[in-house]
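To keep things clear, I will list the structure first and then write my remarks on it.
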Amino acid sequence: MKLSLNESGKKWIPTEDPAVIFEDNEVGRMKKEVWDMTEAELDAVLAEYGIPSPSELGVAGTYIQNTPRAEQIEKRRKNDIVFIPIGCTENHGLHNNTGLDTFMCSQIIEGVRRYTKKQGHEVNLAFTPLNYGGHPYHHMGMPGTVIMPEEVVKETLIYTMLGLWDDGYRKIIFINNHGHLWMIESAIQEFCKRYQLPGIFRVIDWHRAVREFFYPVSSELSLETHFIHADEAETSVALLMFADMVNMDYVQDKLGESLLPDGHMDKSVEPFRRPCRWSEGEGHAAIERSATPEGIVGVPSQATARKAKRPIVAILKYLTLLHDQILEAYPAGTVPPVDKISLRTPEELAPFLKEPLSDGWKSVAELPRIGYFERL
């Protein structure tokens with residue numbers, strides 16, 4: 001019999017919109033459930049997660065850094081997954097706050113924390129390591145946008161991961177909402193090459209993870225335009241999650257300026273499956289200072305909190321599913337098999353995988369370097 005690597009038996013779940021289909025697996029079925037929800041059902045899910053709620057960055061007991069260490073250690077012993085919000089400081093128009101990207105991520109994961117706490121296995125949250133973030137070239141020269149060098153971004157993330165891993169958080173998930181995804185991907189790859197430590201390491205561009213729900217469809221709860229920047233989509237999410245940081249009295253609409261025929265570069269959540277991501281080039285569109293000095297690419301005047309309900313429910317449900325599946329596969333204190341994901345041996349790593357400060361434990365500060373990066 002001839003063997004084939006093609007998944008010829010794969011099944012798909014259609015929707016009433018021919019452009020939107022879901023895989024017939026747990027993720028796809030979850031998305032289809034959210035796709036079909038009524039507004040009352042969406043509201044019920046949002047209530048389960050406590051959305052909207054004030055920011056918890058300064059609320060004791062919610063993040064690793066604002067919880068008494070003894071209590072945080074007990075949390076980690078039950079659940080060693082950590083979600084880390086990644087945003088930036090960026091001009092999002094006169095009506096929005098410049099910390100919008102960060103607060104989108106922190107408000108989402110805070111909802112997941114509240115939900116998992118009720119389930120008896122509260123996920124850990126870490127303060128964002130990037131208050132400013134990296135940026136694509138076309139953001140250069142925009143007031144309100146603070147641009148950090150790419151190497152600063154990467155090294156900050158690498159050492160954040162190293163410190164968290166050393167403290168027993170072996171499943172590290174970055175939740176991103178900003179246009180520096182390639183820097184985060186690079187940081188994860190470099191961390192793994194440099195240290196070869198076992199664990200689960202991921203970055204999730206949250207809006208791309210649930211891109212189907214940013215696709216305009218004929219529904220009063222749907223967005224009417226495609227997700228780009230500081231637009232109807234982002235402003236709708238802000239109005240739902242942290243409306244007190246938005247003032248629609250100052251809203252402006254503005255479209256970008258393409259310098260090449262359309263069809264090559266995709267938009268933020270890649271809805272058109274075009275040949276290239278928006279981040280895979282420059283020169284095809286005018287920089288922000290020239291085309292959109294308002295800090296907006298889109299029509300935020302059309303934003304409403306209602307339009308953000310379905311995408312927010314989708315990402316809350318997805319992150320919960322991901323969290324639960326990781327924890328089920330690798331309960332707290334365990335990691336994927338060392339010999340399957342590292343060139344180090346289980347015997348070598350055994351003391352580093354012990355409970356921090358327990359008998360025989362070793363810190364990553366004592367980790368011998370191996371491979372191409374042993375001198376770093």
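Labels for the structure tokens follow display order: chains A, B, ..., residues from 1 in each chain, ligands from 1.
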
| request: Identify, with DSSP run on backbone atoms, the residues in stretch 260-362 of chain A assigned to alpha helix (DSSP H), and express the list as a PyMOL selection string. | output: chain A and resi 288-291+309-329+338-341+346-349

With N, CA and C atoms retained, could you export that selection as a compact mmCIF listing (two decimals), in the first residue's frame?
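The file below, selection12.txt, is the result:
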# COMPACT_ATOMS: atom_id res chain seq x y z
N GLU A 288 3.59 55.73 8.10
CA GLU A 288 2.51 56.39 8.84
C GLU A 288 2.66 57.91 8.83
N ARG A 289 3.88 58.41 9.01
CA ARG A 289 4.07 59.87 9.06
C ARG A 289 3.54 60.54 7.81
N SER A 290 3.63 59.85 6.67
CA SER A 290 3.19 60.42 5.41
C SER A 290 1.70 60.24 5.18
N ALA A 291 1.22 58.99 5.35
CA ALA A 291 -0.16 58.68 4.95
C ALA A 291 -1.17 58.81 6.07
N LYS A 309 -17.73 41.59 21.02
CA LYS A 309 -18.12 40.49 21.92
C LYS A 309 -17.70 39.13 21.38
N ARG A 310 -17.98 38.87 20.11
CA ARG A 310 -17.71 37.53 19.58
C ARG A 310 -16.20 37.25 19.50
N PRO A 311 -15.37 38.16 18.96
CA PRO A 311 -13.92 37.86 18.96
C PRO A 311 -13.34 37.71 20.35
N ILE A 312 -13.83 38.49 21.32
CA ILE A 312 -13.30 38.36 22.68
C ILE A 312 -13.73 37.03 23.30
N VAL A 313 -14.97 36.64 23.11
CA VAL A 313 -15.40 35.32 23.60
C VAL A 313 -14.56 34.23 22.94
N ALA A 314 -14.28 34.37 21.65
CA ALA A 314 -13.49 33.36 20.94
C ALA A 314 -12.09 33.23 21.52
N ILE A 315 -11.42 34.35 21.81
CA ILE A 315 -10.05 34.24 22.34
C ILE A 315 -10.06 33.75 23.78
N LEU A 316 -11.04 34.13 24.56
CA LEU A 316 -11.14 33.61 25.93
C LEU A 316 -11.32 32.10 25.91
N LYS A 317 -12.20 31.62 25.05
CA LYS A 317 -12.45 30.19 24.94
C LYS A 317 -11.21 29.45 24.40
N TYR A 318 -10.54 30.06 23.42
CA TYR A 318 -9.37 29.40 22.85
C TYR A 318 -8.24 29.29 23.87
N LEU A 319 -7.94 30.37 24.57
CA LEU A 319 -6.86 30.34 25.56
C LEU A 319 -7.17 29.36 26.68
N THR A 320 -8.43 29.27 27.05
CA THR A 320 -8.82 28.31 28.08
C THR A 320 -8.62 26.88 27.58
N LEU A 321 -9.01 26.61 26.34
CA LEU A 321 -8.81 25.29 25.76
C LEU A 321 -7.33 24.94 25.68
N LEU A 322 -6.52 25.88 25.19
CA LEU A 322 -5.08 25.65 25.11
C LEU A 322 -4.50 25.37 26.49
N HIS A 323 -4.86 26.20 27.45
CA HIS A 323 -4.40 26.05 28.83
C HIS A 323 -4.75 24.67 29.37
N ASP A 324 -5.99 24.28 29.21
CA ASP A 324 -6.46 23.01 29.76
C ASP A 324 -5.76 21.82 29.10
N GLN A 325 -5.54 21.90 27.80
CA GLN A 325 -4.90 20.79 27.10
C GLN A 325 -3.43 20.66 27.48
N ILE A 326 -2.74 21.78 27.67
CA ILE A 326 -1.34 21.73 28.11
C ILE A 326 -1.27 21.13 29.50
N LEU A 327 -2.12 21.59 30.41
CA LEU A 327 -2.08 21.13 31.79
C LEU A 327 -2.47 19.66 31.90
N GLU A 328 -3.37 19.23 31.04
CA GLU A 328 -3.74 17.81 31.05
C GLU A 328 -2.60 16.94 30.54
N ALA A 329 -1.94 17.39 29.48
CA ALA A 329 -0.83 16.61 28.91
C ALA A 329 0.39 16.61 29.82
N VAL A 338 12.50 14.98 28.03
CA VAL A 338 13.74 15.70 27.76
C VAL A 338 14.43 15.17 26.51
N ASP A 339 14.48 13.83 26.38
CA ASP A 339 15.21 13.25 25.25
C ASP A 339 14.52 13.47 23.91
N LYS A 340 13.30 13.98 23.92
CA LYS A 340 12.59 14.26 22.67
C LYS A 340 12.70 15.72 22.24
N ILE A 341 13.06 16.61 23.15
CA ILE A 341 13.08 18.03 22.79
C ILE A 341 14.37 18.74 23.17
N PRO A 346 18.31 13.48 30.26
CA PRO A 346 17.46 13.57 31.45
C PRO A 346 18.27 13.61 32.74
N GLU A 347 19.38 12.88 32.77
CA GLU A 347 20.22 12.85 33.98
C GLU A 347 20.85 14.22 34.23
N GLU A 348 21.31 14.86 33.17
CA GLU A 348 21.93 16.19 33.33
C GLU A 348 20.92 17.21 33.84
N LEU A 349 19.69 17.14 33.33
CA LEU A 349 18.70 18.16 33.67
C LEU A 349 17.93 17.85 34.94

Near stretch 213-229 of chain A, within 7 Å and counting only C-alpha atoms, which residues show up once chain neighbours fewer than 4 positions away are dropped, as a compact mmCIF listing (two decimals) with C-alpha atoms, in the first residue's frame?
# COMPACT_ATOMS: atom_id res chain seq x y z
CA ALA A 233 -11.74 46.41 15.29
CA GLU A 234 -9.22 47.65 17.84
CA LYS A 267 -3.90 42.74 6.37
CA SER A 268 -3.29 42.36 10.10
CA VAL A 269 -5.08 39.04 10.70
CA PRO A 271 -8.01 37.36 6.15
CA ILE A 296 -5.22 55.43 12.49
CA VAL A 297 -5.67 53.08 9.53
CA GLY A 298 -9.39 52.44 9.22
CA ARG A 306 -21.04 45.01 20.85
CA LYS A 307 -18.94 44.28 17.75
CA ARG A 310 -17.71 37.53 19.58
CA PRO A 311 -13.92 37.86 18.96

Find the residues of stretch 89-154 of chain A that sit at most 12 Å from stretch 72-77 of chain A; for each, write down the nearest two atoms and how far apart they are in Å, to one decimal. Count only C-alpha atoms. Sort by chain, then by number going up, and give it as JSON lines.
{"residue": "A:Arg113", "atom": "CA", "partner": "A:Lys75", "partner_atom": "CA", "distance": 11.6}
{"residue": "A:Thr116", "atom": "CA", "partner": "A:Lys75", "partner_atom": "CA", "distance": 11.6}
{"residue": "A:Lys117", "atom": "CA", "partner": "A:Lys75", "partner_atom": "CA", "distance": 9.9}
{"residue": "A:Gly120", "atom": "CA", "partner": "A:Lys75", "partner_atom": "CA", "distance": 10.0}
{"residue": "A:His121", "atom": "CA", "partner": "A:Lys75", "partner_atom": "CA", "distance": 7.9}
{"residue": "A:Glu122", "atom": "CA", "partner": "A:Lys75", "partner_atom": "CA", "distance": 7.0}
{"residue": "A:Val123", "atom": "CA", "partner": "A:Lys75", "partner_atom": "CA", "distance": 8.0}
{"residue": "A:Asn124", "atom": "CA", "partner": "A:Arg76", "partner_atom": "CA", "distance": 7.2}
{"residue": "A:Leu125", "atom": "CA", "partner": "A:Gln72", "partner_atom": "CA", "distance": 10.4}
{"residue": "A:Ala126", "atom": "CA", "partner": "A:Gln72", "partner_atom": "CA", "distance": 11.3}

| Distance of atom CA of A:Tyr115 from atom CA of A:Ala44, expressed in Å to one decimal place |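 Distance between the two atoms: 12.7 Å.
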
| query | If we count only C-alpha atoms, what is near stretch 46-55 of chain A at a cut-off of 7 Å, once residues fewer than 6 positions away on the same chain are taken out, given as a ChimeraX atom specification? | reply | /A:107,111-112,114-115,240-241,313

Generate a file of the selected residues that holds N, CA, C and O atoms, formatted as a PDB file, in the first residue's frame.
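Contents of selection-v4.pdb, freshly written:
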ATOM      1  N   GLN A 107      -5.971  42.504  29.749  1.00  0.00           N
ATOM      2  CA  GLN A 107      -7.374  42.341  30.107  1.00  0.00           C
ATOM      3  C   GLN A 107      -7.906  40.969  29.687  1.00  0.00           C
ATOM      4  O   GLN A 107      -8.725  40.368  30.385  1.00  0.00           O
ATOM      5  N   GLY A 111      -9.048  37.866  32.362  1.00  0.00           N
ATOM      6  CA  GLY A 111     -10.310  37.142  32.290  1.00  0.00           C
ATOM      7  C   GLY A 111     -10.100  35.643  32.389  1.00  0.00           C
ATOM      8  O   GLY A 111     -10.843  34.936  33.091  1.00  0.00           O
ATOM      9  N   VAL A 112      -9.074  35.134  31.704  1.00  0.00           N
ATOM     10  CA  VAL A 112      -8.771  33.703  31.766  1.00  0.00           C
ATOM     11  C   VAL A 112      -8.332  33.319  33.185  1.00  0.00           C
ATOM     12  O   VAL A 112      -8.693  32.254  33.698  1.00  0.00           O
ATOM     13  N   ARG A 114      -9.315  34.719  36.017  1.00  0.00           N
ATOM     14  CA  ARG A 114     -10.509  34.656  36.864  1.00  0.00           C
ATOM     15  C   ARG A 114     -11.291  33.363  36.624  1.00  0.00           C
ATOM     16  O   ARG A 114     -11.767  32.724  37.562  1.00  0.00           O
ATOM     17  N   TYR A 115     -11.387  32.974  35.360  1.00  0.00           N
ATOM     18  CA  TYR A 115     -12.143  31.773  35.017  1.00  0.00           C
ATOM     19  C   TYR A 115     -11.441  30.520  35.543  1.00  0.00           C
ATOM     20  O   TYR A 115     -12.074  29.653  36.152  1.00  0.00           O
ATOM     21  N   LEU A 240     -15.097  47.653  24.655  1.00  0.00           N
ATOM     22  CA  LEU A 240     -15.636  46.571  25.460  1.00  0.00           C
ATOM     23  C   LEU A 240     -14.800  46.320  26.706  1.00  0.00           C
ATOM     24  O   LEU A 240     -15.343  46.117  27.794  1.00  0.00           O
ATOM     25  N   MET A 241     -13.476  46.343  26.558  1.00  0.00           N
ATOM     26  CA  MET A 241     -12.589  45.899  27.632  1.00  0.00           C
ATOM     27  C   MET A 241     -12.166  47.006  28.597  1.00  0.00           C
ATOM     28  O   MET A 241     -12.032  46.771  29.792  1.00  0.00           O
ATOM     29  N   VAL A 313     -14.966  36.637  23.106  1.00  0.00           N
ATOM     30  CA  VAL A 313     -15.395  35.320  23.601  1.00  0.00           C
ATOM     31  C   VAL A 313     -14.557  34.232  22.940  1.00  0.00           C
ATOM     32  O   VAL A 313     -14.125  33.266  23.594  1.00  0.00           O
TER      33      VAL A 313
END

| At what distance in Å, to one decimal, does atom CA of A:Ala209 lie from atom CA of A:Glu16? |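 That distance, rounded to one decimal, is 20.5 Å.
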
| field | Spatial neighbours of stretch 352-354 of chain A, max dist 7 Å, only C-alpha atoms, sep filter under 6 positions, as a ChimeraX atom specification | value | /A:361-364

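With distances restricted to only C-alpha atoms, A:Ala332 is the closest residue to A:Glu355 from A:Met183, A:Ile147, A:Ala332, A:Ile109.
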
| task | Identify which of the residues A:Asp101, A:Asp244, A:Asp80, A:Glu280 lies closest to A:Ile173, counting only C-alpha atoms when measuring atom-to-atom distances. | result | A:Asp80

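Residues in contact with stretch 236-239 of chain A at up to 6 Å, not including ones fewer than 3 positions away on its chain and judged by only C-alpha atoms, are Glu232, Ala233, Phe242, Ala243, Ala303, Thr304, Ala305 and Ala308 of chain A.
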
| task | Go through A:Gly93, A:Gly163, A:Gly58, A:Gly9 one by one, measure the shortest atom-to-atom distance of each to A:Pro356 using only C-alpha atoms, and give the residue with the smallest value. | result |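 Nearest candidate to A:Pro356 out of A:Gly93, A:Gly163, A:Gly58, A:Gly9: A:Gly163.
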